[in-house]
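Here's run_10.pdb, which has PDB, C-alpha atoms:
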```
MODEL        1
ATOM      1  CA  MET A   1     -18.856   3.535  -1.797
ATOM      2  CA  LYS A   2     -20.166   4.409   1.658
ATOM      3  CA  PHE A   3     -16.637   5.150   2.839
ATOM      4  CA  PHE A   4     -16.025   7.233  -0.299
ATOM      5  CA  PHE A   5     -18.970   9.517   0.401
ATOM      6  CA  ILE A   6     -18.128   9.808   4.096
ATOM      7  CA  SER A   7     -14.553  10.758   3.205
ATOM      8  CA  LEU A   8     -15.730  13.128   0.484
ATOM      9  CA  ILE A   9     -17.934  15.022   2.940
ATOM     10  CA  GLY A  10     -15.402  14.942   5.772
ATOM     11  CA  ILE A  11     -12.524  16.281   3.669
ATOM     12  CA  SER A  12     -14.852  18.889   2.118
ATOM     13  CA  LEU A  13     -15.685  20.194   5.582
ATOM     14  CA  ILE A  14     -11.995  20.404   6.493
ATOM     15  CA  ILE A  15     -11.206  22.262   3.268
ATOM     16  CA  LEU A  16     -14.149  24.591   3.883
ATOM     17  CA  LEU A  17     -12.949  25.308   7.399
ATOM     18  CA  VAL A  18      -9.341  26.260   6.621
ATOM     19  CA  PRO A  19     -10.016  29.564   4.754
ATOM     20  CA  HIS A  20     -12.458  30.529   7.500
ATOM     21  CA  ILE A  21      -9.819  29.963  10.173
ATOM     22  CA  VAL A  22      -7.402  32.094   8.163
ATOM     23  CA  TYR A  23     -10.091  34.770   7.862
ATOM     24  CA  LEU A  24     -10.680  34.817  11.627
ATOM     25  CA  VAL A  25      -6.948  35.217  12.260
ATOM     26  CA  VAL A  26      -6.648  38.015   9.715
ATOM     27  CA  LYS A  27      -9.807  39.643  11.061
ATOM     28  CA  ALA A  28      -8.357  39.663  14.585
ATOM     29  CA  LEU A  29      -5.135  41.188  13.265
ATOM     30  CA  SER A  30      -7.121  43.829  11.389
ATOM     31  CA  LEU A  31      -8.729  44.952  14.639
ATOM     32  CA  VAL A  32      -5.314  45.301  16.260
ATOM     33  CA  PHE A  33      -3.479  46.954  13.370
ATOM     34  CA  HIS A  34      -6.476  48.809  11.908
ATOM     35  CA  PHE A  35      -6.636  47.589   8.315
ATOM     36  CA  ARG A  36      -9.615  46.585   6.222
ATOM     37  CA  CYS A  37     -10.507  42.849   6.080
ATOM     38  CA  SER A  38     -13.253  41.598   3.763
ATOM     39  CA  TYR A  39     -14.857  38.199   4.274
ATOM     40  CA  ARG A  40     -15.810  37.713   0.618
ATOM     41  CA  PRO A  41     -12.398  36.576  -0.770
ATOM     42  CA  TYR A  42     -12.102  33.914   1.921
ATOM     43  CA  ALA A  43     -15.629  32.666   1.314
ATOM     44  CA  TRP A  44     -15.046  32.377  -2.430
ATOM     45  CA  THR A  45     -11.698  30.676  -1.833
ATOM     46  CA  ALA A  46     -13.368  28.126   0.447
ATOM     47  CA  LEU A  47     -16.098  27.368  -2.083
ATOM     48  CA  GLY A  48     -13.600  27.162  -4.924
ATOM     49  CA  LEU A  49     -11.334  24.742  -3.091
ATOM     50  CA  VAL A  50     -14.252  22.533  -2.067
ATOM     51  CA  GLY A  51     -15.556  22.529  -5.639
ATOM     52  CA  LEU A  52     -12.119  21.575  -6.976
ATOM     53  CA  TRP A  53     -11.779  18.788  -4.408
ATOM     54  CA  ILE A  54     -15.198  17.340  -5.299
ATOM     55  CA  VAL A  55     -14.391  17.384  -9.028
ATOM     56  CA  LEU A  56     -11.033  15.666  -8.455
ATOM     57  CA  ALA A  57     -12.524  13.106  -6.064
ATOM     58  CA  VAL A  58     -15.344  12.172  -8.437
ATOM     59  CA  TYR A  59     -12.891  11.900 -11.340
ATOM     60  CA  GLY A  60     -10.590   9.748  -9.200
ATOM     61  CA  ASN A  61     -13.459   7.462  -8.187
ATOM     62  CA  VAL A  62     -15.143   7.054 -11.544
ATOM     63  CA  TRP A  63     -12.073   6.975 -13.811
ATOM     64  CA  GLY A  64      -8.703   7.592 -12.170
ATOM     65  CA  ARG A  65      -8.542   4.506  -9.986
ATOM     66  CA  PHE A  66      -9.054   2.154 -12.928
ATOM     67  CA  PHE A  67      -5.938   3.293 -14.795
ATOM     68  CA  HIS A  68      -2.762   1.510 -13.832
ATOM     69  CA  GLU A  69       0.717   1.193 -15.226
ATOM     70  CA  GLN A  70       3.529  -1.307 -15.326
ATOM     71  CA  LYS A  71       6.798  -0.070 -13.862
ATOM     72  CA  ALA A  72       9.927  -1.976 -14.810
ATOM     73  CA  VAL A  73      12.765  -1.820 -12.272
ATOM     74  CA  GLU A  74      16.137  -3.579 -12.408
ATOM     75  CA  PHE A  75      18.184  -4.146  -9.273
ATOM     76  CA  LYS A  76      21.818  -5.231  -9.514
ATOM     77  CA  PHE A  77      23.587  -6.980  -6.662
ATOM     78  CA  ALA A  78      27.159  -8.228  -6.659
ATOM     79  CA  ASN A  79      26.230 -11.036  -4.268
ATOM     80  CA  LEU A  80      23.184 -12.285  -6.182
ATOM     81  CA  PRO A  81      23.519 -16.046  -6.812
ATOM     82  CA  GLU A  82      24.295 -16.631 -10.464
ATOM     83  CA  SER A  83      21.235 -18.811 -11.115
ATOM     84  CA  PHE A  84      18.981 -15.886 -10.170
ATOM     85  CA  ARG A  85      20.427 -13.460 -12.714
ATOM     86  CA  GLY A  86      17.421 -12.230 -14.715
ATOM     87  CA  TYR A  87      14.940 -13.493 -12.109
ATOM     88  CA  LYS A  88      11.594 -11.723 -12.600
ATOM     89  CA  ILE A  89       9.387 -10.716  -9.664
ATOM     90  CA  VAL A  90       5.993  -9.084 -10.119
ATOM     91  CA  HIS A  91       5.216  -6.919  -7.104
ATOM     92  CA  LEU A  92       1.584  -6.113  -6.211
ATOM     93  CA  SER A  93       0.233  -4.354  -3.147
ATOM     94  CA  ASP A  94      -2.752  -2.754  -1.419
ATOM     95  CA  MET A  95      -5.762  -4.069  -3.315
ATOM     96  CA  HIS A  96      -8.313  -2.987  -0.684
ATOM     97  CA  LEU A  97     -10.941  -5.196  -2.269
ATOM     98  CA  ASP A  98     -13.940  -3.363  -0.794
ATOM     99  CA  GLY A  99     -13.312  -0.636  -3.358
ATOM    100  CA  TRP A 100     -13.393  -3.159  -6.219
ATOM    101  CA  ALA A 101     -16.865  -4.516  -5.433
ATOM    102  CA  GLY A 102     -18.841  -4.626  -8.685
ATOM    103  CA  HIS A 103     -15.660  -4.339 -10.756
ATOM    104  CA  GLU A 104     -14.616  -7.968 -10.945
ATOM    105  CA  GLU A 105     -13.979  -7.677 -14.687
ATOM    106  CA  GLN A 106     -11.353  -4.973 -14.150
ATOM    107  CA  MET A 107      -9.642  -7.135 -11.532
ATOM    108  CA  GLN A 108      -9.702 -10.066 -13.965
ATOM    109  CA  GLN A 109      -7.916  -7.872 -16.508
ATOM    110  CA  ILE A 110      -5.202  -7.106 -13.960
ATOM    111  CA  VAL A 111      -4.773 -10.807 -13.163
ATOM    112  CA  ASP A 112      -4.557 -11.659 -16.870
ATOM    113  CA  GLU A 113      -1.980  -8.910 -17.389
ATOM    114  CA  VAL A 114       0.145 -10.168 -14.498
ATOM    115  CA  ASN A 115      -0.022 -13.777 -15.683
ATOM    116  CA  ALA A 116       1.014 -12.697 -19.181
ATOM    117  CA  LEU A 117       4.287 -11.394 -17.695
ATOM    118  CA  ASP A 118       5.301 -15.021 -17.013
ATOM    119  CA  ALA A 119       7.003 -14.079 -13.735
ATOM    120  CA  ASP A 120       9.295 -16.308 -11.740
ATOM    121  CA  MET A 121       7.542 -15.089  -8.605
ATOM    122  CA  ILE A 122       4.631 -12.857  -7.619
ATOM    123  CA  VAL A 123       4.737 -11.035  -4.279
ATOM    124  CA  PHE A 124       1.888  -9.198  -2.586
ATOM    125  CA  THR A 125       2.849  -6.796   0.208
ATOM    126  CA  GLY A 126      -0.382  -6.524   2.169
ATOM    127  CA  ASP A 127      -3.759  -4.844   2.583
ATOM    128  CA  LEU A 128      -5.778  -7.313   0.587
ATOM    129  CA  VAL A 129      -8.903  -6.106   2.406
ATOM    130  CA  SER A 130      -9.897  -2.919   4.222
ATOM    131  CA  LEU A 131     -12.396  -3.806   6.952
ATOM    132  CA  ASN A 132     -13.149  -7.552   6.981
ATOM    133  CA  GLU A 133     -12.255 -10.779   5.225
ATOM    134  CA  ASN A 134     -15.641 -11.061   3.487
ATOM    135  CA  GLU A 135     -14.368  -8.543   0.909
ATOM    136  CA  LEU A 136     -12.215 -11.359  -0.481
ATOM    137  CA  THR A 137     -15.045 -13.852  -1.046
ATOM    138  CA  THR A 138     -16.250 -12.432  -4.366
ATOM    139  CA  PHE A 139     -12.711 -12.214  -5.728
ATOM    140  CA  LEU A 140     -11.521 -15.691  -4.824
ATOM    141  CA  PRO A 141     -12.233 -17.138  -8.328
ATOM    142  CA  VAL A 142     -10.263 -14.280  -9.904
ATOM    143  CA  LEU A 143      -7.275 -13.926  -7.592
ATOM    144  CA  LYS A 144      -6.592 -17.641  -7.300
ATOM    145  CA  GLN A 145      -5.712 -17.537 -11.013
ATOM    146  CA  LEU A 146      -2.502 -15.610 -10.279
ATOM    147  CA  LYS A 147       0.359 -17.872 -11.315
ATOM    148  CA  ALA A 148       4.151 -17.723 -11.252
ATOM    149  CA  LYS A 149       6.856 -20.373 -11.640
ATOM    150  CA  ASP A 150       7.912 -20.246  -7.984
ATOM    151  CA  GLY A 151       4.488 -19.266  -6.638
ATOM    152  CA  VAL A 152       2.718 -16.292  -5.081
ATOM    153  CA  TYR A 153       4.058 -14.992  -1.753
ATOM    154  CA  SER A 154       2.154 -12.582   0.461
ATOM    155  CA  ILE A 155       2.150 -10.802   3.805
ATOM    156  CA  LEU A 156      -0.544  -9.026   5.803
ATOM    157  CA  GLY A 157      -0.874  -5.245   5.915
ATOM    158  CA  ASN A 158      -2.297  -3.134   8.734
ATOM    159  CA  HIS A 159      -5.837  -3.350   7.307
ATOM    160  CA  ASP A 160      -5.631  -7.133   7.054
ATOM    161  CA  TYR A 161      -5.518  -7.259  10.861
ATOM    162  CA  MET A 162      -8.852  -5.389  10.778
ATOM    163  CA  PRO A 163      -8.083  -2.985  13.643
ATOM    164  CA  TYR A 164     -10.562  -0.364  12.432
ATOM    165  CA  ASN A 165     -13.702  -2.355  13.205
ATOM    166  CA  HIS A 166     -14.324  -1.319  16.799
ATOM    167  CA  SER A 167     -17.471  -3.416  17.269
ATOM    168  CA  TRP A 168     -15.457  -6.639  17.689
ATOM    169  CA  THR A 169     -13.827  -7.976  20.809
ATOM    170  CA  ASP A 170     -10.149  -8.897  20.548
ATOM    171  CA  ARG A 171     -11.143 -12.556  20.388
ATOM    172  CA  GLU A 172     -13.625 -11.936  17.570
ATOM    173  CA  ARG A 173     -11.050  -9.879  15.677
ATOM    174  CA  GLU A 174      -8.494 -12.678  15.944
ATOM    175  CA  GLN A 175     -11.055 -15.126  14.564
ATOM    176  CA  HIS A 176     -11.606 -12.885  11.535
ATOM    177  CA  ILE A 177      -7.836 -12.565  11.024
ATOM    178  CA  GLN A 178      -7.401 -16.329  11.152
ATOM    179  CA  HIS A 179     -10.207 -16.733   8.623
ATOM    180  CA  LEU A 180      -8.442 -14.349   6.237
ATOM    181  CA  ILE A 181      -5.171 -16.238   6.733
ATOM    182  CA  LYS A 182      -6.925 -19.511   5.925
ATOM    183  CA  MET A 183      -8.524 -18.019   2.800
ATOM    184  CA  GLU A 184      -5.185 -16.745   1.494
ATOM    185  CA  ARG A 185      -3.398 -20.022   2.117
ATOM    186  CA  GLU A 186      -6.086 -22.575   1.261
ATOM    187  CA  ASN A 187      -8.475 -20.844  -1.141
ATOM    188  CA  LEU A 188      -6.008 -18.647  -3.018
ATOM    189  CA  GLY A 189      -3.043 -20.978  -2.677
ATOM    190  CA  TRP A 190      -0.746 -18.095  -1.747
ATOM    191  CA  LYS A 191       2.277 -18.676   0.480
ATOM    192  CA  LEU A 192       1.425 -16.253   3.260
ATOM    193  CA  LEU A 193       4.489 -15.499   5.382
ATOM    194  CA  MET A 194       3.848 -14.560   9.024
ATOM    195  CA  ASN A 195       7.292 -13.645  10.382
ATOM    196  CA  GLU A 196       8.494 -16.566   8.264
ATOM    197  CA  ASN A 197      10.693 -17.238   5.264
ATOM    198  CA  CYS A 198      10.946 -19.624   2.373
ATOM    199  CA  ILE A 199      14.111 -20.701   0.568
ATOM    200  CA  ILE A 200      13.871 -20.729  -3.227
ATOM    201  CA  HIS A 201      16.286 -23.143  -4.922
ATOM    202  CA  HIS A 202      17.504 -22.902  -8.499
ATOM    203  CA  GLY A 203      20.049 -25.572  -9.101
ATOM    204  CA  SER A 204      22.728 -25.271  -6.435
ATOM    205  CA  ASP A 205      21.825 -21.609  -5.722
ATOM    206  CA  SER A 206      19.171 -20.231  -3.415
ATOM    207  CA  ILE A 207      17.605 -17.023  -2.146
ATOM    208  CA  ALA A 208      15.385 -16.382   0.882
ATOM    209  CA  ILE A 209      11.965 -14.742   0.600
ATOM    210  CA  CYS A 210      11.246 -13.326   4.046
ATOM    211  CA  GLY A 211       7.835 -12.041   5.107
ATOM    212  CA  SER A 212       7.416  -9.845   8.173
ATOM    213  CA  GLU A 213       4.105  -9.247   9.853
ATOM    214  CA  ASN A 214       3.061  -5.610   9.871
ATOM    215  CA  LYS A 215       5.417  -3.290  11.752
ATOM    216  CA  SER A 216       4.311   0.309  11.364
ATOM    217  CA  MET A 217       6.720   2.783  12.884
ATOM    218  CA  GLY A 218       4.940   5.907  11.701
ATOM    219  CA  ILE A 219       1.378   7.207  11.867
ATOM    220  CA  HIS A 220      -0.210   3.738  11.547
ATOM    221  CA  SER A 221       1.506   2.169  14.563
ATOM    222  CA  VAL A 222      -1.810   0.619  15.687
ATOM    223  CA  VAL A 223      -0.530  -2.744  14.363
ATOM    224  CA  SER A 224       2.994  -3.764  15.318
ATOM    225  CA  ARG A 225       3.513  -7.533  15.037
ATOM    226  CA  GLY A 226       6.688  -7.726  12.976
ATOM    227  CA  ASP A 227       9.548  -9.755  14.416
ATOM    228  CA  LEU A 228      12.607  -9.752  12.183
ATOM    229  CA  LYS A 229      14.519 -12.289  14.286
ATOM    230  CA  LYS A 230      11.770 -14.816  13.590
ATOM    231  CA  THR A 231      11.425 -13.637   9.996
ATOM    232  CA  PHE A 232      15.116 -14.207   9.200
ATOM    233  CA  LYS A 233      15.571 -17.396  11.231
ATOM    234  CA  GLY A 234      17.674 -19.901   9.313
ATOM    235  CA  THR A 235      18.587 -17.492   6.486
ATOM    236  CA  ASP A 236      22.075 -16.415   7.577
ATOM    237  CA  GLY A 237      24.307 -16.282   4.538
ATOM    238  CA  CYS A 238      21.359 -16.306   2.097
ATOM    239  CA  PHE A 239      20.542 -13.516  -0.313
ATOM    240  CA  ARG A 240      17.428 -12.066   1.353
ATOM    241  CA  ILE A 241      14.412 -10.319  -0.095
ATOM    242  CA  LEU A 242      12.187  -8.879   2.637
ATOM    243  CA  LEU A 243       8.457  -8.274   2.263
ATOM    244  CA  THR A 244       7.216  -5.770   4.856
ATOM    245  CA  HIS A 245       4.047  -3.764   4.370
ATOM    246  CA  ASP A 246       4.933  -0.380   5.864
ATOM    247  CA  PRO A 247       8.098   1.266   4.464
ATOM    248  CA  THR A 248       8.800   2.950   7.822
ATOM    249  CA  HIS A 249       9.906  -0.503   8.972
ATOM    250  CA  TRP A 250      12.851  -0.378   6.559
ATOM    251  CA  ARG A 251      14.483   2.673   8.123
ATOM    252  CA  GLY A 252      13.276   1.798  11.597
ATOM    253  CA  GLU A 253      14.604  -1.755  11.930
ATOM    254  CA  VAL A 254      16.172  -3.041   8.697
ATOM    255  CA  LEU A 255      18.555  -0.435   7.309
ATOM    256  CA  GLY A 256      22.051  -0.874   8.703
ATOM    257  CA  LYS A 257      20.886  -3.574  11.141
ATOM    258  CA  TYR A 258      20.305  -6.648   8.964
ATOM    259  CA  ASP A 259      21.886  -7.938   5.760
ATOM    260  CA  VAL A 260      18.887  -7.383   3.471
ATOM    261  CA  PRO A 261      19.809  -6.249  -0.059
ATOM    262  CA  LEU A 262      16.184  -5.714  -1.186
ATOM    263  CA  THR A 263      13.039  -4.772   0.730
ATOM    264  CA  LEU A 264       9.606  -4.528  -0.919
ATOM    265  CA  SER A 265       6.770  -2.520   0.652
ATOM    266  CA  GLY A 266       3.473  -0.794  -0.120
ATOM    267  CA  HIS A 267       1.067   0.928   2.289
ATOM    268  CA  THR A 268       1.369   4.582   1.247
ATOM    269  CA  HIS A 269      -0.658   4.511  -2.029
ATOM    270  CA  GLY A 270       1.318   7.662  -2.831
ATOM    271  CA  GLY A 271      -1.390   9.418  -0.828
ATOM    272  CA  GLN A 272      -3.699   8.500  -3.753
ATOM    273  CA  MET A 273      -3.104  12.000  -5.139
ATOM    274  CA  SER A 274      -0.171  13.468  -7.008
ATOM    275  CA  ILE A 275      -0.216  17.097  -8.114
ATOM    276  CA  PHE A 276       2.542  18.271 -10.479
ATOM    277  CA  GLY A 277       4.431  15.085  -9.691
ATOM    278  CA  ILE A 278       4.343  15.628  -5.920
ATOM    279  CA  HIS A 279       2.678  12.782  -4.043
ATOM    280  CA  VAL A 280       0.606  13.627  -0.983
ATOM    281  CA  SER A 281       2.410  10.783   0.787
ATOM    282  CA  ALA A 282       5.666  12.759   0.572
ATOM    283  CA  PHE A 283       4.398  14.967   3.412
ATOM    284  CA  ILE A 284       3.903  11.921   5.667
ATOM    285  CA  TYR A 285       6.615   9.380   4.841
ATOM    286  CA  LYS A 286      10.341   9.724   4.231
ATOM    287  CA  GLU A 287      10.200   6.759   1.840
ATOM    288  CA  HIS A 288       6.814   6.798   0.164
ATOM    289  CA  ALA A 289       6.953   5.916  -3.555
ATOM    290  CA  GLY A 290       9.357   4.053  -5.808
ATOM    291  CA  HIS A 291      13.021   3.195  -5.325
ATOM    292  CA  TYR A 292      15.325   4.171  -2.454
ATOM    293  CA  GLU A 293      18.904   3.095  -1.826
ATOM    294  CA  GLU A 294      21.234   3.662   1.100
ATOM    295  CA  ASN A 295      24.586   2.009   1.744
ATOM    296  CA  GLY A 296      23.854  -0.725  -0.759
ATOM    297  CA  GLN A 297      20.451  -1.619   0.683
ATOM    298  CA  HIS A 298      17.444  -1.076  -1.561
ATOM    299  CA  LEU A 299      13.768  -0.384  -0.834
ATOM    300  CA  TYR A 300      10.951  -0.313  -3.350
ATOM    301  CA  VAL A 301       7.558   1.128  -2.359
ATOM    302  CA  ASN A 302       4.726   0.014  -4.638
ATOM    303  CA  LEU A 303       1.842   2.520  -4.944
ATOM    304  CA  GLY A 304      -0.741  -0.251  -4.800
ATOM    305  CA  ILE A 305      -3.680  -1.240  -6.957
ATOM    306  CA  GLY A 306      -6.519   0.036  -4.744
ATOM    307  CA  GLY A 307      -7.025   2.390  -1.843
ATOM    308  CA  THR A 308      -8.889   2.901   1.407
ATOM    309  CA  MET A 309     -10.846   5.683  -0.282
ATOM    310  CA  PRO A 310     -11.592   4.312  -3.780
ATOM    311  CA  MET A 311     -10.141   7.146  -5.869
ATOM    312  CA  ARG A 312      -6.877   8.100  -7.552
ATOM    313  CA  VAL A 313      -5.771  11.426  -8.958
ATOM    314  CA  GLY A 314      -2.253  10.899 -10.182
ATOM    315  CA  ALA A 315      -0.405   8.458  -7.878
ATOM    316  CA  THR A 316      -1.285   5.935 -10.570
ATOM    317  CA  PRO A 317      -1.881   2.361  -9.387
ATOM    318  CA  GLU A 318       0.969   0.119 -10.405
ATOM    319  CA  ILE A 319       2.185  -3.342 -11.226
ATOM    320  CA  THR A 320       5.915  -3.413 -10.559
ATOM    321  CA  VAL A 321       8.048  -5.732 -12.686
ATOM    322  CA  ILE A 322      11.376  -6.322 -10.946
ATOM    323  CA  GLU A 323      14.361  -7.976 -12.575
ATOM    324  CA  LEU A 324      17.333  -9.097 -10.510
ATOM    325  CA  GLY A 325      20.774  -8.693 -12.016
ATOM    326  CA  LYS A 326      24.473  -8.571 -11.224
TER
ENDMDL
END
```
Could you rewrite the structure in this file as structure tokens?
Amino acid sequence: MKFFFISLIGISLIILLVPHIVYLVVKALSLVFHFRCSYRPYAWTALGLVGLWIVLAVYGNVWGRFFHEQKAVEFKFANLPESFRGYKIVHLSDMHLDGWAGHEEQMQQIVDEVNALDADMIVFTGDLVSLNENELTTFLPVLKQLKAKDGVYSILGNHDYMPYNHSWTDREREQHIQHLIKMERENLGWKLLMNENCIIHHGSDSIAICGSENKSMGIHSVVSRGDLKKTFKGTDGCFRILLTHDPTHWRGEVLGKYDVPLTLSGHTHGGQMSIFGIHVSAFIYKEHAGHYEENGQHLYVNLGIGGTMPMRVGATPEITVIELGK
């Protein structure tokens, strides 16, 4: 909640400032071109915009972030191994557990809903925590209940590397990262992939689940550990599904460069706001929400369950239910 109030005040000040900057520009022009310029409309506009922002933010924090939806998506691939026709993957992303503190019951409901889908596989595409691994401790009993026939596979997102805590030395930060890795693997029982892959066998058929470390090639390039050569090692000829947190990685290093029919990402949260169907994230990312396809390669960007600022207005949190077909 501390981060919510800091963000609320900070964004309010920015919103308040913009009409005043416009006023100063117009006022300067009025002195040059000799026309009347009144301050009052700009002042009222500033107050109105700040008031609207506060109302939306409070709604998003108290109610909006607790609504989520299931999105069913079918992907068809000519080269999908026959035994994986109808294979069901539940895709989760961006929990940011600090924002769920005190709401363990709501998270339990999400886990129960996911388990009821009876998925073949669950994948989590990063940002389990926001600032440190201790956020996970309270939710261990809940999240370790996630079950799927072929297991739960995960990767780390930019926040999971905890780069935003500037009080740590690099050595201390690495210790915290390793603790989070241990908690995911040993306490949750998730198959955390760190530039690694796992081959899933069904009868004589197989597919490769490949997990890249974070490789942000946009505005969050502070963490760049992804290595696709390592990630895909030993998977030549396999049908590959790539988990990579930041969707900028898809266009930056995957598309047209590697044989990857399906890439799953998160990271954007849809900007956590969507007005008239337009996500704020659309102004930042080329691929920011939902399904994209280019030259037979597919990307799906999950809007996440949580957020760095615990609020949602539109940009509804989602559980994506993916079915593979031919």
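Proximity ranking of A:Ser265, A:Thr231, A:Gln106, A:Asn115 relative to A:His245 places A:Ser265 first, based on all atoms listed in the file.
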Where does stretch 164-241 of chain A meet stretch 77-94 of chain A within 10 Å, residue by residue, with the nearest atom pair and distance in Å to one decimal for each, counting only C-alpha atoms, listed by chain and rising number, as a Markdown table?
```
| residue | atom | partner | partner_atom | distance |
| --- | --- | --- | --- | --- |
| A:Ile200 | CA | A:Phe84 | CA | 9.9 |
| A:His201 | CA | A:Ser83 | CA | 9.0 |
| A:His202 | CA | A:Ser83 | CA | 6.1 |
| A:Gly203 | CA | A:Ser83 | CA | 7.2 |
| A:Ser204 | CA | A:Ser83 | CA | 8.1 |
| A:Asp205 | CA | A:Pro81 | CA | 5.9 |
| A:Ser206 | CA | A:Pro81 | CA | 6.9 |
| A:Ile207 | CA | A:Pro81 | CA | 7.6 |
| A:Cys238 | CA | A:Pro81 | CA | 9.2 |
| A:Phe239 | CA | A:Leu80 | CA | 6.6 |
| A:Arg240 | CA | A:Leu80 | CA | 9.5 |
```
* To do: List the residues selected by the PyMOL selection byres ((chain A and resi 157-170) around 10) in the file shown, writing them as an NGL selection string.
  => :A and (93-94 or 96 or 124-133 or 154-156 or 171-178 or 180-181 or 212-216 or 220-225 or 244-246 or 265-267 or 308)
* **Selection near A:Gly99, 10 Å with all atoms listed in the file, sequence-local residues under 3 positions removed, as number ranges by chain** => A: 1-4, 61, 65, 95-96, 102-103, 129-130, 135, 306-311
* Picked residues, the PyMOL selection byres ((chain A and resi 185-195) around 8), expected as number ranges by chain -> A: 140, 143-144, 151-156, 181-184, 196-197, 210-213, 226-228, 230-232
* To do: Find the spatial neighbours of A:Val313, counting only C-alpha atoms, within a cut-off of 7 Å - ignore same-chain residues fewer than 6 positions away - and output them as a count of residues only.
  => 6
* So what do you get for atom CA of A:Ala282 versus atom CA of A:Pro317, distance-wise? ->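 If I compute the distance from atom CA of A:Ala282 to atom CA of A:Pro317, I get 16.3 Å.
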* Considering all atoms listed in the file, state which residue in the set A:Gly218, A:Gly252, A:Gly234, A:Gly304 is at the smallest distance from A:Thr268. =>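 When distances to A:Thr268 are compared using all atoms listed in the file, the smallest one comes from A:Gly304.
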* Asked: Please, what distance in Å, to one decimal, runs between atom CA of A:Val50 and atom CA of A:Ile11?
  -> 8.7 Å
* For each of A:Ala148, A:Leu97, A:Met121, A:Val55, take the minimum atom-to-atom distance to A:Leu136, counting only C-alpha atoms, then give the residue where this is smallest. =>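 Under the stated criterion, the closest residue is A:Leu97.
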For stretch 287-290 of chain A, find every residue with an atom within 10 Å (counting all atoms listed in the file), except residues of its own chain fewer than 6 positions away, and show them as a PDB file with C-alpha atoms, in the frame of the given file.
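Result went into part06.pdb, see below:
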```
ATOM      1  CA  LYS A  71       6.798  -0.070 -13.862  1.00  0.00           C
ATOM      2  CA  VAL A  73      12.765  -1.820 -12.272  1.00  0.00           C
ATOM      3  CA  ASP A 246       4.933  -0.380   5.864  1.00  0.00           C
ATOM      4  CA  PRO A 247       8.098   1.266   4.464  1.00  0.00           C
ATOM      5  CA  THR A 248       8.800   2.950   7.822  1.00  0.00           C
ATOM      6  CA  TRP A 250      12.851  -0.378   6.559  1.00  0.00           C
ATOM      7  CA  ARG A 251      14.483   2.673   8.123  1.00  0.00           C
ATOM      8  CA  LEU A 264       9.606  -4.528  -0.919  1.00  0.00           C
ATOM      9  CA  SER A 265       6.770  -2.520   0.652  1.00  0.00           C
ATOM     10  CA  GLY A 266       3.473  -0.794  -0.120  1.00  0.00           C
ATOM     11  CA  HIS A 267       1.067   0.928   2.289  1.00  0.00           C
ATOM     12  CA  THR A 268       1.369   4.582   1.247  1.00  0.00           C
ATOM     13  CA  HIS A 269      -0.658   4.511  -2.029  1.00  0.00           C
ATOM     14  CA  GLY A 270       1.318   7.662  -2.831  1.00  0.00           C
ATOM     15  CA  GLY A 271      -1.390   9.418  -0.828  1.00  0.00           C
ATOM     16  CA  HIS A 279       2.678  12.782  -4.043  1.00  0.00           C
ATOM     17  CA  VAL A 280       0.606  13.627  -0.983  1.00  0.00           C
ATOM     18  CA  SER A 281       2.410  10.783   0.787  1.00  0.00           C
ATOM     19  CA  LEU A 299      13.768  -0.384  -0.834  1.00  0.00           C
ATOM     20  CA  TYR A 300      10.951  -0.313  -3.350  1.00  0.00           C
ATOM     21  CA  VAL A 301       7.558   1.128  -2.359  1.00  0.00           C
ATOM     22  CA  ASN A 302       4.726   0.014  -4.638  1.00  0.00           C
ATOM     23  CA  LEU A 303       1.842   2.520  -4.944  1.00  0.00           C
ATOM     24  CA  GLY A 304      -0.741  -0.251  -4.800  1.00  0.00           C
ATOM     25  CA  ALA A 315      -0.405   8.458  -7.878  1.00  0.00           C
ATOM     26  CA  THR A 320       5.915  -3.413 -10.559  1.00  0.00           C
TER      27      THR A 320
END
```
* **Near-A:Phe35 list (10 Å; only C-alpha atoms; drop same-chain fewer than 6 positions) as a PyMOL selection string** => chain A and resi 26-27+29
* Asked: Which one is closest to A:Lys233: A:Phe67, A:Tyr258, A:His249, A:His291? Count all atoms listed in the file.
  ->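 Selected residue with least distance to A:Lys233: A:Tyr258.
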* Using only C-alpha atoms: which of A:Ala208, A:Asp118, A:Thr138, A:Lys257 has the shortest distance to A:Leu242 -> A:Ala208
* When you draw a straight line from atom CA of A:Cys37 to atom CA of A:Tyr23, how long is it in Å? -> 8.3 Å
* Would you kindly return, as a PyMOL selection string, each protein, DNA or RNA residue with an atom no farther than 8 Å from any atom of A:Glu74, considering all atoms listed in the file and excluding same-chain residues fewer than 6 positions away? => chain A and resi 322-325
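Minimum distance to A:Glu253 across A:Ile319, A:Lys76, A:Met217, A:Gly237 (counting all atoms listed in the file) occurs at A:Met217.
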Return as a tab-separated table (two decimals) with C-alpha atoms, keeping the file's coordinate frame the set of residues that the PyMOL selection byres ((chain A and resi 295) around 12) yields on the displayed structure.
```tsv
chain	number	residue	atom	x	y	z
A	251	ARG	CA	14.48	2.67	8.12
A	255	LEU	CA	18.56	-0.44	7.31
A	256	GLY	CA	22.05	-0.87	8.70
A	257	LYS	CA	20.89	-3.57	11.14
A	259	ASP	CA	21.89	-7.94	5.76
A	260	VAL	CA	18.89	-7.38	3.47
A	261	PRO	CA	19.81	-6.25	-0.06
A	262	LEU	CA	16.18	-5.71	-1.19
A	292	TYR	CA	15.32	4.17	-2.45
A	293	GLU	CA	18.90	3.10	-1.83
A	294	GLU	CA	21.23	3.66	1.10
A	296	GLY	CA	23.85	-0.72	-0.76
A	297	GLN	CA	20.45	-1.62	0.68
A	298	HIS	CA	17.44	-1.08	-1.56
A	299	LEU	CA	13.77	-0.38	-0.83
```
